[in-house]
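Written below as structure tokens is the structure these notes are about.
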Amino acid sequence: MEETEPVAPPASNTTLSGTTLTLRFGGGEEFTINMYDNDTANKIAEYVGTAAWQLPIYHYDDYDGWESFQYYDIPSRYDIPDGSQSVTSQKAGAVYYSHPNRIILFYQDANISTEYTPVGYIDFSQDLVDAVENNPVVEGWGNKLIFIQP
């Protein structure tokens, strides 16, 4: 797969906040999430700023779209506002929030039809695809983990 241009913010009145978060799959390479300026993204950045997140993915190869995106469960103790918008297609690198309490990461381009809140993007590269696809299942847990920190 060839590298593509970095993912641009969605056209529907979404701007960058200037905040970034660091994402790692398992213990691997770090990627930067460029956060958007909306209530959902700002609340996620606020929570991650007080306590880095270790998020599990329990279903990583048995749901519609798993070849294009993965979702990671946020603990229910975090109250995150939902600003869902209709999403019909997405570029690899896009990061969304899905109510209730999930981070959605597209690591391949996808045509979908759902409601998500845009929270940011990661510059797309083959390294991102490899990190998602090679994120190991944690022994004893039976799932994969991602780490998000300021």
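The chains in the structure tokens are called A, B, ... from first to last as shown; in each chain the residues are counted from 1, and the ligands are counted from 1 in the order shown.
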Excluding Asp127 of chain A and residues on its chain fewer than 4 positions from it, collect all residues at most 12 Å away from it, counting only C-alpha atoms, and give them as a compact mmCIF listing (two decimals) with N, CA and C atoms, in the first residue's frame.
# COMPACT_ATOMS: atom_id res chain seq x y z
N MET A 1 0.84 -1.17 0.00
CA MET A 1 0.00 0.00 0.00
C MET A 1 0.89 1.23 0.00
N GLU A 2 0.54 2.23 -0.80
CA GLU A 2 1.30 3.46 -0.87
C GLU A 2 0.87 4.40 0.24
N GLU A 3 1.80 5.26 0.68
CA GLU A 3 1.42 6.28 1.64
C GLU A 3 0.56 7.30 0.92
N THR A 4 -0.40 7.86 1.66
CA THR A 4 -1.27 8.89 1.10
C THR A 4 -1.01 10.19 1.82
N ARG A 24 -0.40 4.66 21.30
CA ARG A 24 0.45 3.51 21.04
C ARG A 24 -0.42 2.26 21.01
N PHE A 25 -0.09 1.35 20.12
CA PHE A 25 -0.75 0.05 20.04
C PHE A 25 0.15 -0.93 20.75
N GLY A 28 4.21 -0.58 21.12
CA GLY A 28 4.89 -0.18 19.90
C GLY A 28 5.07 1.31 19.69
N GLU A 29 5.24 1.65 18.43
CA GLU A 29 5.51 3.00 17.96
C GLU A 29 4.41 3.97 18.40
N GLU A 30 4.81 5.23 18.62
CA GLU A 30 3.85 6.26 18.99
C GLU A 30 3.31 6.97 17.75
N PHE A 31 2.03 7.32 17.79
CA PHE A 31 1.36 8.09 16.75
C PHE A 31 0.70 9.29 17.41
N ALA A 92 -8.55 6.72 5.95
CA ALA A 92 -7.71 6.11 6.98
C ALA A 92 -7.04 7.20 7.81
N GLY A 93 -7.01 7.00 9.11
CA GLY A 93 -6.41 7.95 10.04
C GLY A 93 -7.45 8.73 10.83
N TYR A 107 -8.26 2.70 10.04
CA TYR A 107 -6.89 2.47 9.58
C TYR A 107 -6.86 2.11 8.10
N ILE A 122 -5.06 10.98 12.71
CA ILE A 122 -3.66 10.57 12.74
C ILE A 122 -3.19 10.60 11.30
N ASP A 123 -2.02 11.17 11.05
CA ASP A 123 -1.49 11.15 9.68
C ASP A 123 -1.38 9.69 9.23
N ALA A 131 0.79 -1.13 12.66
CA ALA A 131 0.63 -1.08 14.12
C ALA A 131 -0.73 -1.62 14.54
N VAL A 132 -1.78 -1.23 13.82
CA VAL A 132 -3.12 -1.74 14.13
C VAL A 132 -3.19 -3.24 13.90
N GLU A 133 -2.74 -3.67 12.74
CA GLU A 133 -2.85 -5.09 12.38
C GLU A 133 -1.95 -5.99 13.22
N ASN A 134 -0.84 -5.46 13.72
CA ASN A 134 0.10 -6.28 14.48
C ASN A 134 0.01 -6.05 15.99
N ASN A 135 -0.98 -5.31 16.43
CA ASN A 135 -1.17 -5.10 17.86
C ASN A 135 -1.48 -6.46 18.50
Which neighbours of segment 89-91 of chain A fall inside 9 Å, counting only C-alpha atoms, when residues of the same chain fewer than 4 positions from it are skipped, and could you give them as a PyMOL selection string?
chain A and resi 7-8+106-113+124
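Taking the backbone of this structure through DSSP, the residues of segment 74-111 of chain A that come out as strand (DSSP E) are Gln85, Ser86, Val87, Thr88, Ser89, Gln90, Ala94, Val95, Tyr96, Tyr97, Ser98, Arg102, Ile103, Ile104, Leu105, Phe106, Ala110 and Asn111 of chain A.
Distance annotation: of A:Val87, A:Tyr78, A:Gln54, A:Ser125, the residue with the minimal separation from Gly27 of chain A is A:Gln54; atom set is only C-alpha atoms.
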Have a look at atom CA of Tyr121 of chain A and atom CA of Asp79 of chain A and let me know their distance in Å, one decimal.
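Atom CA of Asp79 of chain A lies 21.6 Å from atom CA of Tyr121 of chain A.
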With distances taken over only C-alpha atoms, the candidate from A:Ile104, A:Val138, A:Ile57, A:Ala51 nearest Gly120 of chain A is A:Ile104
What residues in chain A get the DSSP label helix (DSSP H, G or I)? Please answer as a list in words.
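Going through chain A, the helix (DSSP H, G or I) residues come out as Asp39, Thr40, Ala41, Asn42, Lys43, Ile44, Ala45, Glu46, Tyr47, Val48, Gly49, Thr50, Gln126, Asp127, Leu128, Val129, Asp130, Ala131, Val132 and Glu133 of chain A.
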So how many Å separate atom CA of Trp66 of chain A and atom CA of Thr22 of chain A, to one decimal?
22.6 Å
Using only C-alpha atoms, which residue out of A:Thr19, A:Thr117, A:Asn101, A:Gln149 lies closest to Gly83 of chain A?
A:Thr117
